[in-house]
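Engineer: Handing over work-v6.tsv, TSV, C-alpha atoms and all ligand atoms.
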```
chain	number	residue	atom	x	y	z
A	1	MET	CA	23.16	7.51	-6.74
A	2	GLN	CA	20.85	6.52	-9.58
A	3	TYR	CA	18.32	3.70	-9.90
A	4	ASP	CA	20.03	0.72	-11.48
A	5	ALA	CA	18.20	0.48	-14.81
A	6	SER	CA	19.76	-2.93	-15.44
A	7	SER	CA	18.05	-4.42	-12.35
A	8	ASP	CA	15.34	-7.02	-12.84
A	9	THR	CA	12.48	-4.49	-12.58
A	10	ARG	CA	9.03	-5.94	-13.35
A	11	SER	CA	6.84	-3.56	-11.36
A	12	LEU	CA	6.02	0.13	-11.56
A	13	TYR	CA	4.40	2.49	-9.08
A	14	ILE	CA	2.82	5.70	-10.44
A	15	HIS	CA	1.77	8.50	-8.11
A	16	TRP	CA	-1.21	10.78	-8.81
A	17	PRO	CA	-1.20	13.33	-5.97
A	18	PHE	CA	-4.44	15.25	-6.59
A	19	CYS	CA	-7.32	14.88	-4.10
A	20	PRO	CA	-10.73	16.52	-3.74
A	21	TYR	CA	-9.95	17.28	-0.07
A	22	ARG	CA	-7.20	16.66	2.47
A	23	CYS	CA	-8.11	14.03	5.07
A	24	HIS	CA	-6.83	14.85	8.55
A	25	PHE	CA	-5.13	11.48	9.05
A	26	CYS	CA	-3.36	11.40	5.68
A	27	PRO	CA	0.46	11.13	5.61
A	28	PHE	CA	0.73	10.75	1.82
A	29	VAL	CA	2.08	13.18	-0.75
A	30	ALA	CA	-1.29	14.64	-1.76
A	31	VAL	CA	-2.76	18.05	-2.52
A	32	ALA	CA	-6.29	19.44	-2.68
A	33	GLY	CA	-7.37	22.46	-4.74
A	34	GLN	CA	-4.45	22.17	-7.21
A	35	ASP	CA	-6.30	20.59	-10.12
A	36	HIS	CA	-5.05	23.33	-12.46
A	37	LEU	CA	-1.65	21.57	-12.28
A	38	MET	CA	-2.95	18.22	-13.53
A	39	ALA	CA	-2.07	18.64	-17.22
A	40	ASP	CA	1.47	19.85	-16.48
A	41	TYR	CA	1.95	17.13	-13.90
A	42	ASN	CA	0.85	14.50	-16.40
A	43	LYS	CA	3.37	15.84	-18.90
A	44	ALA	CA	6.13	15.68	-16.30
A	45	LEU	CA	5.13	12.15	-15.36
A	46	ILE	CA	5.30	11.01	-18.98
A	47	GLN	CA	8.70	12.69	-19.26
A	48	GLU	CA	10.01	10.87	-16.18
A	49	ILE	CA	8.67	7.52	-17.39
A	50	THR	CA	10.09	8.00	-20.90
A	51	ASN	CA	13.52	8.97	-19.52
A	52	PHE	CA	13.62	5.81	-17.43
A	53	ALA	CA	12.60	3.61	-20.37
A	54	SER	CA	15.42	5.02	-22.49
A	55	GLU	CA	17.91	4.43	-19.65
A	56	CYS	CA	16.80	0.79	-19.61
A	57	GLY	CA	17.70	0.48	-23.28
A	58	ARG	CA	15.20	-2.34	-23.69
A	59	LYS	CA	11.45	-2.83	-23.37
A	60	LEU	CA	11.03	-3.98	-19.77
A	61	PRO	CA	8.57	-6.87	-19.54
A	62	LEU	CA	6.19	-5.73	-16.80
A	63	LYS	CA	4.26	-7.87	-14.31
A	64	THR	CA	2.42	-5.31	-12.19
A	65	ILE	CA	1.61	-1.60	-12.11
A	66	TYR	CA	0.14	0.18	-9.11
A	67	ILE	CA	-1.36	3.65	-9.47
A	68	GLY	CA	-1.61	5.25	-6.06
A	69	GLY	CA	-2.16	8.67	-4.62
A	70	GLY	CA	-3.55	11.03	-3.86
A	71	THR	CA	-6.73	10.13	-5.66
A	72	PRO	CA	-5.95	8.47	-9.00
A	73	SER	CA	-9.68	8.24	-9.76
A	74	SER	CA	-9.55	12.04	-10.22
A	75	TRP	CA	-7.17	11.56	-13.19
A	76	PRO	CA	-8.92	13.11	-16.23
A	77	ASP	CA	-9.74	10.39	-18.79
A	78	LYS	CA	-7.75	11.90	-21.62
A	79	LEU	CA	-4.60	12.36	-19.55
A	80	LEU	CA	-4.83	8.87	-18.13
A	81	LEU	CA	-5.26	7.34	-21.59
A	82	ASP	CA	-2.30	9.39	-22.92
A	83	THR	CA	-0.14	8.03	-20.10
A	84	PHE	CA	-1.22	4.47	-20.80
A	85	ASP	CA	-0.50	4.92	-24.52
A	86	THR	CA	3.05	5.91	-23.56
A	87	LEU	CA	3.42	3.01	-21.13
A	88	ARG	CA	2.34	0.53	-23.79
A	89	ASP	CA	4.72	2.05	-26.32
A	90	ILE	CA	7.81	1.84	-24.15
A	91	PHE	CA	7.24	-1.23	-21.95
A	92	ASP	CA	6.33	-4.82	-22.76
A	93	PHE	CA	2.78	-5.56	-21.51
A	94	GLU	CA	2.76	-9.15	-22.78
A	95	GLN	CA	3.12	-10.74	-19.32
A	96	ILE	CA	1.38	-8.12	-17.22
A	97	SER	CA	-0.96	-9.68	-14.69
A	98	GLU	CA	-2.18	-6.84	-12.48
A	99	ILE	CA	-2.76	-3.10	-12.93
A	100	THR	CA	-4.30	-1.51	-9.86
A	101	LEU	CA	-5.91	1.93	-9.63
A	102	GLU	CA	-6.75	3.49	-6.27
A	103	VAL	CA	-10.27	4.86	-6.20
A	104	ASN	CA	-12.06	7.39	-4.05
A	105	PRO	CA	-15.65	6.20	-4.52
A	106	GLY	CA	-17.32	9.64	-4.22
A	107	SER	CA	-17.37	10.88	-7.78
A	108	VAL	CA	-16.76	7.87	-10.04
A	109	THR	CA	-19.00	7.58	-13.11
A	110	ALA	CA	-19.85	4.58	-15.30
A	111	GLN	CA	-17.99	6.29	-18.14
A	112	GLN	CA	-14.81	6.51	-16.06
A	113	LEU	CA	-15.04	2.84	-15.21
A	114	ALA	CA	-15.27	2.03	-18.93
A	115	VAL	CA	-12.20	4.20	-19.65
A	116	TRP	CA	-10.19	2.43	-16.95
A	117	LYS	CA	-11.17	-0.93	-18.39
A	118	LYS	CA	-10.14	0.26	-21.84
A	119	ALA	CA	-6.78	1.46	-20.48
A	120	GLY	CA	-6.15	-2.08	-19.19
A	121	ILE	CA	-6.69	-1.58	-15.47
A	122	THR	CA	-7.55	-4.92	-13.86
A	123	ARG	CA	-8.00	-4.10	-10.19
A	124	LEU	CA	-9.65	-1.29	-8.22
A	125	SER	CA	-8.46	-0.48	-4.71
A	126	THR	CA	-11.24	1.47	-3.03
A	127	GLY	CA	-10.66	3.85	-0.13
A	128	VAL	CA	-13.61	3.21	2.19
A	129	GLN	CA	-11.96	3.63	5.64
A	130	SER	CA	-15.30	3.82	7.52
A	131	LEU	CA	-19.04	3.82	6.86
A	132	ASN	CA	-19.65	6.44	9.53
A	133	ASP	CA	-20.29	9.62	7.48
A	134	LYS	CA	-20.04	11.90	10.50
A	135	VAL	CA	-16.70	10.52	11.66
A	136	LEU	CA	-15.25	10.82	8.15
A	137	ALA	CA	-16.55	14.37	7.71
A	138	GLY	CA	-15.04	15.23	11.11
A	139	LEU	CA	-11.70	14.08	9.68
A	140	SER	CA	-12.26	16.18	6.58
A	141	ARG	CA	-13.00	13.19	4.35
A	142	TYR	CA	-16.27	14.10	2.68
A	143	GLN	CA	-17.34	10.68	1.53
A	144	LYS	CA	-20.68	9.04	2.22
A	145	ALA	CA	-21.35	5.37	2.92
A	146	GLN	CA	-24.10	5.50	0.30
A	147	GLU	CA	-21.57	6.61	-2.35
A	148	VAL	CA	-19.43	3.56	-1.54
A	149	ARG	CA	-22.42	1.25	-2.03
A	150	GLU	CA	-23.37	2.93	-5.31
A	151	PHE	CA	-19.80	2.77	-6.55
A	152	LEU	CA	-19.53	-0.95	-5.79
A	153	GLY	CA	-22.84	-1.55	-7.59
A	154	LEU	CA	-21.47	0.15	-10.73
A	155	ALA	CA	-17.91	-1.20	-10.52
A	156	GLN	CA	-18.84	-4.86	-10.08
A	157	GLU	CA	-20.51	-4.79	-13.50
A	158	ILE	CA	-17.13	-4.10	-15.12
A	159	PHE	CA	-14.40	-5.20	-12.71
A	160	GLU	CA	-14.05	-8.60	-11.10
A	161	ASN	CA	-11.12	-7.69	-8.88
A	162	ILE	CA	-12.18	-5.04	-6.35
A	163	SER	CA	-10.42	-4.37	-3.07
A	164	VAL	CA	-11.48	-2.09	-0.21
A	165	ASP	CA	-9.36	-0.30	2.40
A	166	LEU	CA	-10.62	0.07	5.96
A	167	ILE	CA	-9.12	1.81	9.00
A	168	ILE	CA	-9.64	0.24	12.41
A	169	GLY	CA	-9.43	2.50	15.45
A	170	LEU	CA	-10.74	5.78	14.03
A	171	PRO	CA	-11.78	8.12	16.86
A	172	GLY	CA	-15.57	8.25	17.14
A	173	VAL	CA	-16.32	4.79	15.70
A	174	SER	CA	-17.81	2.59	18.43
A	175	ASP	CA	-17.22	-1.17	18.70
A	176	GLN	CA	-20.82	-1.79	17.76
A	177	GLU	CA	-20.58	0.44	14.67
A	178	TRP	CA	-17.39	-1.27	13.53
A	179	ARG	CA	-19.00	-4.71	13.91
A	180	GLU	CA	-22.00	-3.53	11.87
A	181	THR	CA	-19.66	-2.14	9.20
A	182	ILE	CA	-17.82	-5.45	8.94
A	183	ALA	CA	-21.09	-7.40	8.82
A	184	GLU	CA	-21.97	-5.31	5.76
A	185	VAL	CA	-18.49	-5.35	4.15
A	186	VAL	CA	-18.40	-9.18	4.03
A	187	THR	CA	-21.54	-9.14	1.87
A	188	TRP	CA	-19.99	-6.83	-0.75
A	189	PRO	CA	-18.91	-8.03	-4.22
A	190	ILE	CA	-15.20	-7.71	-3.38
A	191	LYS	CA	-12.21	-9.99	-3.60
A	192	HIS	CA	-9.77	-8.30	-1.26
A	193	ILE	CA	-9.65	-6.19	1.91
A	194	SER	CA	-6.82	-4.16	3.40
A	195	MET	CA	-7.46	-3.31	7.04
A	196	TYR	CA	-5.02	-0.85	8.61
A	197	PHE	CA	-4.70	0.32	12.18
A	198	LEU	CA	-5.02	4.07	12.44
A	199	SER	CA	-1.55	5.49	12.75
A	200	ILE	CA	-0.88	9.05	13.74
A	201	HIS	CA	1.70	10.84	11.65
A	202	GLU	CA	3.38	14.08	12.67
A	203	ASN	CA	2.56	17.04	10.43
A	204	THR	CA	-1.03	15.89	9.94
A	205	PRO	CA	-4.03	17.85	11.27
A	206	LEU	CA	-5.02	14.73	13.25
A	207	TYR	CA	-1.71	14.84	15.10
A	208	THR	CA	-2.19	18.53	15.90
A	209	ARG	CA	-5.74	17.95	17.16
A	210	LEU	CA	-4.57	15.14	19.39
A	211	THR	CA	-1.74	17.16	20.88
A	212	ARG	CA	-4.32	19.89	21.65
A	213	ASN	CA	-6.58	17.31	23.31
A	214	GLU	CA	-9.35	18.01	20.84
A	215	LEU	CA	-9.77	14.29	20.11
A	216	THR	CA	-9.49	11.08	22.09
A	217	LEU	CA	-8.21	7.90	20.52
A	218	PRO	CA	-9.86	4.60	21.41
A	219	ALA	CA	-7.92	2.48	23.94
A	220	GLU	CA	-5.43	0.08	22.36
A	221	ASP	CA	-6.44	-3.27	23.93
A	222	PRO	CA	-10.10	-3.23	22.84
A	223	ILE	CA	-8.97	-2.27	19.30
A	224	VAL	CA	-6.60	-5.24	19.21
A	225	ASP	CA	-9.48	-7.52	20.35
A	226	LEU	CA	-11.68	-5.99	17.65
A	227	TYR	CA	-8.95	-6.66	15.07
A	228	TYR	CA	-8.89	-10.38	15.95
A	229	TRP	CA	-12.70	-10.50	15.87
A	230	THR	CA	-12.58	-8.87	12.40
A	231	VAL	CA	-9.98	-11.35	11.12
A	232	GLU	CA	-12.31	-14.18	12.17
A	233	MET	CA	-15.29	-12.55	10.47
A	234	PHE	CA	-13.39	-12.08	7.21
A	235	GLU	CA	-12.15	-15.67	7.23
A	236	LYS	CA	-15.62	-17.00	8.01
A	237	HIS	CA	-16.73	-15.28	4.82
A	238	GLY	CA	-13.92	-16.61	2.63
A	239	LEU	CA	-11.59	-13.60	2.82
A	240	MET	CA	-8.48	-15.36	4.06
A	241	GLN	CA	-5.71	-13.52	5.84
A	242	TYR	CA	-2.38	-13.66	4.00
A	243	GLU	CA	-0.65	-10.73	5.69
A	244	ILE	CA	-1.30	-8.75	8.88
A	245	SER	CA	-3.43	-6.18	7.05
A	246	SER	CA	-4.45	-8.14	3.95
A	247	PHE	CA	-7.29	-10.56	3.23
A	248	ALA	CA	-8.28	-12.14	-0.07
A	249	ARG	CA	-10.47	-14.69	-1.73
A	250	PRO	CA	-8.39	-17.49	-3.28
A	251	GLY	CA	-6.35	-16.23	-6.25
A	252	PHE	CA	-6.88	-12.54	-5.46
A	253	GLN	CA	-3.90	-11.69	-3.26
A	254	SER	CA	-2.30	-8.41	-4.31
A	255	GLN	CA	0.56	-9.30	-6.63
A	256	HIS	CA	2.07	-5.84	-6.53
A	257	ASN	CA	2.31	-5.76	-2.73
A	258	GLN	CA	4.09	-9.08	-2.81
A	259	VAL	CA	6.86	-7.41	-4.81
A	260	TYR	CA	7.40	-5.03	-1.87
A	261	TRP	CA	7.27	-7.84	0.69
A	262	ASP	CA	9.67	-10.00	-1.32
A	263	ARG	CA	12.05	-7.01	-1.55
A	264	LYS	CA	12.08	-7.18	-5.32
A	265	PRO	CA	12.86	-4.12	-7.46
A	266	TYR	CA	10.15	-1.64	-8.41
A	267	LYS	CA	10.41	1.76	-10.05
A	268	GLY	CA	8.23	4.61	-8.79
A	269	PHE	CA	7.24	7.67	-10.83
A	270	GLY	CA	5.76	10.98	-9.79
A	271	VAL	CA	6.04	13.36	-6.91
A	272	GLY	CA	7.29	11.73	-3.68
A	273	ALA	CA	7.40	8.29	-5.34
A	274	CYS	CA	9.77	5.70	-3.88
A	275	SER	CA	11.79	3.12	-5.80
A	276	PHE	CA	13.97	0.15	-4.89
A	277	ASP	CA	16.42	-1.43	-7.33
A	278	GLY	CA	17.23	-4.41	-5.11
A	279	THR	CA	20.03	-2.62	-3.26
A	280	VAL	CA	19.22	1.07	-2.79
A	281	ARG	CA	15.96	2.87	-1.88
A	282	TYR	CA	15.22	6.17	-3.62
A	283	GLN	CA	12.66	8.93	-3.21
A	284	ASN	CA	11.54	11.67	-5.57
A	285	MET	CA	11.04	15.28	-4.50
A	286	LYS	CA	7.70	15.99	-2.81
A	287	ASN	CA	6.85	19.46	-4.11
A	288	ILE	CA	4.62	19.26	-7.19
A	289	GLU	CA	5.62	22.56	-8.79
A	290	ARG	CA	9.32	21.80	-8.37
A	291	TYR	CA	8.76	18.30	-9.72
A	292	ILE	CA	7.04	19.66	-12.84
A	293	GLN	CA	9.77	22.24	-13.36
A	294	SER	CA	12.61	19.77	-12.81
A	295	CYS	CA	11.16	17.24	-15.25
A	296	ALA	CA	10.75	20.00	-17.87
A	297	GLN	CA	14.38	21.07	-17.39
A	298	GLY	CA	15.72	17.51	-17.36
A	299	ALA	CA	17.02	18.07	-13.80
A	300	ASP	CA	17.40	15.29	-11.23
A	301	ILE	CA	14.16	14.72	-9.30
A	302	ASN	CA	15.59	12.16	-6.91
A	303	VAL	CA	16.14	13.71	-3.47
A	304	SER	CA	17.28	10.78	-1.40
A	305	SER	CA	18.94	7.44	-1.83
A	306	GLU	CA	19.66	5.04	0.97
A	307	ARG	CA	21.71	1.88	0.87
A	308	LEU	CA	20.55	-0.28	3.77
A	309	THR	CA	23.09	-1.71	6.18
A	310	THR	CA	23.29	-5.51	6.54
A	311	ARG	CA	21.49	-5.25	9.88
A	312	GLU	CA	18.71	-3.13	8.36
A	313	ILE	CA	18.29	-5.72	5.59
A	314	HIS	CA	18.00	-8.49	8.21
A	315	LEU	CA	15.43	-6.50	10.14
A	316	GLU	CA	13.45	-5.74	6.99
A	317	LYS	CA	13.40	-9.41	6.00
A	318	VAL	CA	12.31	-10.51	9.48
A	319	MET	CA	9.58	-7.87	9.73
A	320	LEU	CA	8.23	-8.53	6.25
A	321	GLY	CA	8.35	-12.30	6.80
A	322	LEU	CA	6.58	-12.29	10.15
A	323	ARG	CA	3.77	-10.15	8.75
A	324	ARG	CA	2.88	-12.85	6.22
A	325	MET	CA	1.07	-16.13	6.69
A	326	GLN	CA	3.70	-17.80	4.51
A	327	GLY	CA	6.19	-16.89	7.24
A	328	LEU	CA	9.88	-16.24	7.16
A	329	ASP	CA	12.64	-18.34	5.64
A	330	ILE	CA	15.37	-18.20	8.28
A	331	ASN	CA	18.01	-19.42	5.81
A	332	ASP	CA	17.31	-16.34	3.72
A	333	VAL	CA	17.81	-14.06	6.74
A	334	MET	CA	21.02	-15.83	7.81
A	335	ILE	CA	22.50	-15.85	4.31
A	336	ASP	CA	25.12	-13.21	5.09
A	337	MET	CA	25.36	-13.49	8.88
A	338	SER	CA	28.58	-14.43	10.67
A	339	GLN	CA	28.65	-17.77	12.55
A	340	VAL	CA	28.23	-15.90	15.85
A	341	GLU	CA	25.22	-13.93	14.57
A	342	LYS	CA	23.65	-17.09	13.17
A	343	GLY	CA	24.04	-18.87	16.52
A	344	ARG	CA	22.50	-15.93	18.42
A	345	PHE	CA	19.62	-15.65	15.94
A	346	LEU	CA	18.80	-19.38	16.10
A	347	ILE	CA	18.81	-19.33	19.91
A	348	LYS	CA	16.32	-16.43	19.87
A	349	VAL	CA	14.10	-18.28	17.40
A	350	GLU	CA	14.01	-21.34	19.65
A	351	GLU	CA	13.32	-19.17	22.74
A	352	PHE	CA	10.34	-17.56	21.00
A	353	VAL	CA	9.08	-20.93	19.79
A	354	ALA	CA	9.23	-22.14	23.42
A	355	GLN	CA	7.24	-19.04	24.48
A	356	SER	CA	4.63	-19.77	21.76
A	357	LEU	CA	5.32	-16.45	20.06
A	358	LEU	CA	6.58	-18.29	16.97
A	359	THR	CA	6.06	-21.68	15.38
A	360	ARG	CA	8.65	-23.41	13.23
A	361	ALA	CA	8.47	-25.97	10.43
A	362	GLY	CA	11.90	-26.72	8.97
A	363	SER	CA	13.47	-23.45	7.84
A	364	ARG	CA	10.16	-21.56	7.98
A	365	VAL	CA	9.13	-19.56	11.01
A	366	TYR	CA	5.65	-18.13	11.60
A	367	LEU	CA	4.33	-15.58	14.03
A	368	ALA	CA	1.57	-17.08	16.20
A	369	LYS	CA	-1.78	-15.89	14.89
A	370	ASN	CA	-2.80	-14.22	18.16
A	371	LYS	CA	0.49	-12.28	18.37
A	372	PHE	CA	0.23	-9.98	15.37
A	373	SER	CA	-0.08	-6.94	17.58
A	374	VAL	CA	3.49	-7.51	18.87
A	375	GLU	CA	5.05	-8.31	15.49
A	376	ASN	CA	7.47	-5.35	15.56
A	377	GLU	CA	8.77	-6.12	19.04
A	378	VAL	CA	9.29	-9.78	18.17
A	379	ALA	CA	11.18	-8.85	14.99
A	380	VAL	CA	13.48	-6.42	16.80
A	381	LYS	CA	14.18	-8.85	19.66
A	382	LEU	CA	14.98	-11.69	17.25
A	383	LEU	CA	17.93	-9.68	16.00
A	384	GLU	CA	19.20	-8.27	19.30
B	401	LIG	S1	-8.16	11.00	-0.30
B	401	LIG	FE1	-6.48	9.59	0.32
B	401	LIG	S2	-4.58	10.54	-0.39
B	401	LIG	FE2	-6.20	12.11	-0.51
B	401	LIG	S3	-6.01	13.22	1.41
B	401	LIG	FE3	-7.54	11.60	1.76
B	401	LIG	S4	-6.37	9.83	2.54
B	401	LIG	FE4	-4.90	11.28	1.65
```
Let me see the structure of the file written as structure tokens.

Structural biologist:
Amino acid sequence: MQYDASSDTRSLYIHWPFCPYRCHFCPFVAVAGQDHLMADYNKALIQEITNFASECGRKLPLKTIYIGGGTPSSWPDKLLLDTFDTLRDIFDFEQISEITLEVNPGSVTAQQLAVWKKAGITRLSTGVQSLNDKVLAGLSRYQKAQEVREFLGLAQEIFENISVDLIIGLPGVSDQEWRETIAEVVTWPIKHISMYFLSIHENTPLYTRLTRNELTLPAEDPIVDLYYWTVEMFEKHGLMQYEISSFARPGFQSQHNQVYWDRKPYKGFGVGACSFDGTVRYQNMKNIERYIQSCAQGADINVSSERLTTREIHLEKVMLGLRRMQGLDINDVMIDMSQVEKGRFLIKVEEFVAQSLLTRAGSRVYLAKNKFSVENEVAVKLLE
């Protein structure tokens, strides 16, 4: 199956897989020590993007671009500018409202920041994760809290829209340390925070260390309490929650992420990149050398395509809706349900409202604010 180039695509994702090191918790398609492949990878990327644009047969009017990784801030200036020249040639940038670049604060210079601005990047998403240098180094992430502070000092001169990523529940970070970190984070010149729970992915060094009992994870209940405390702290400082993991000052919610949550089409480019054309989900191959070779030979780089079943679509809609403060439109979920399924679904909704797990206003349903930790269970049970 091939991405439907006639779909109403307004958003692009571009993957830059190169990193200065490989963090032990990282599940992403990323490589360290392969910088010699950057130029060839960039060429392949431009090839893939150009091929897609010609399949579209028209200049797609873009709304958002997200450059993720890997470590996109390691993208050499010249290669990044070349790629942006191509993007501007083949897509319509007239209505674009957000171009995000993920940043690893360690090695960013003032000159790089100026290049990103010149390229048209509007938003920096900064991987902070923790301010405990020792814990990060123990997880093979060699980034210092001081580098984060210096980066923010430089970046705020040029960029208004800065986001930071944090991980709650990292082994070795005490409650007290986390609270101190948050007390500092809320004073930073940022507009957005993404706070993720640590998740353990198979095939990561963290997973291996845990199975060998070399590390102990913090207990779950205190971390959930700490999460709710953190939500309160963010909101007290004007960073309002709009999704389970996302907080923003007014007007600075991530527009690109909302494309994912609204299940709108987006086209991904690069190694391991995912795409969704409104019906089918696709993924590119994950091996960089094969990706470069395949692009050069004009071979297919897509390795999987999955058309979701009606039930999977319902579950996706419910999960994505319950995660957001704007809630879930039950009419949208029931749109293609049978009468029997609709009846069962509505009974469940009312049961959960009675149990104070959900609240309801007309056709909108919201997860109770103190129940975010059970969001997945609630979503699954709603559709049983
Ligand atoms: S810098 Fe980011 S993408 Fe690279 S290894 Fe670490 S967590 Fe993964």

Engineer: Show me the residues around (5.4, -20.2, 17.8) - criterion: an atom at most 12 Å away, only C-alpha atoms counted - as a list in words.

Structural biologist: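 Every polymer residue passing the test: Leu322, Gly327, Lys348, Val349, Glu350, Glu351, Phe352, Val353, Ala354, Gln355, Ser356, Leu357, Leu358, Thr359, Arg360, Ala361, Arg364, Val365, Tyr366, Leu367, Ala368, Lys369, Asn370, Lys371, Phe372 and Val378 of chain A.
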
Engineer: Sort by chain and increasing residue number a table of all residues of chain A within 6 Å of ligand LIG 401 (chain B), each with its closest pair of atoms and their distance in Å to one decimal, counting all atoms listed in the file, and write it as a tab-separated table.

Structural biologist:
```
residue	atom	partner	partner_atom	distance
A:Cys19	CA	B:LIG401	FE2	4.7
A:Tyr21	CA	B:LIG401	S3	5.8
A:Arg22	CA	B:LIG401	S3	3.8
A:Cys23	CA	B:LIG401	FE3	4.1
A:Cys26	CA	B:LIG401	FE4	4.3
A:Phe28	CA	B:LIG401	FE4	5.7
A:Ala30	CA	B:LIG401	S2	5.4
A:Gly69	CA	B:LIG401	S2	5.2
A:Gly70	CA	B:LIG401	S2	3.7
A:Thr71	CA	B:LIG401	FE2	5.5
```

Engineer: Work out where the centre of an axis-aligned box around every listed atom of stretch 144-151 of chain A lies and how long its edges are once 5 Å is added on each side; give both in Å to one decimal as lines of an AutoDock Vina configuration file.

Structural biologist:
```
center_x = -21.8
center_y = 5.1
center_z = -1.8
size_x = 14.7
size_y = 17.8
size_z = 19.5
```

Engineer: Skip A:Asn302 itself and residues of its chain fewer than 2 positions away, then list as a PyMOL selection string all residues within 8 Å of it, counting all atoms listed in the file.

Structural biologist: chain A and resi 282-285+300+304-305

Engineer: Applying 10 Å and all atoms listed in the file, which residues near A:Val186 remain after dropping the ones on its own chain fewer than 2 positions away? List them as a tab-separated table (two decimals) with C-alpha atoms, keeping the file's coordinate frame.

Structural biologist:
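Contents of the output file out-v1.tsv:
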```
chain	number	residue	atom	x	y	z
A	181	THR	CA	-19.66	-2.14	9.20
A	182	ILE	CA	-17.82	-5.45	8.94
A	183	ALA	CA	-21.09	-7.40	8.82
A	184	GLU	CA	-21.97	-5.31	5.76
A	188	TRP	CA	-19.99	-6.83	-0.75
A	189	PRO	CA	-18.91	-8.03	-4.22
A	190	ILE	CA	-15.20	-7.71	-3.38
A	191	LYS	CA	-12.21	-9.99	-3.60
A	193	ILE	CA	-9.65	-6.19	1.91
A	233	MET	CA	-15.29	-12.55	10.47
A	234	PHE	CA	-13.39	-12.08	7.21
A	235	GLU	CA	-12.15	-15.67	7.23
A	236	LYS	CA	-15.62	-17.00	8.01
A	237	HIS	CA	-16.73	-15.28	4.82
A	238	GLY	CA	-13.92	-16.61	2.63
A	239	LEU	CA	-11.59	-13.60	2.82
```
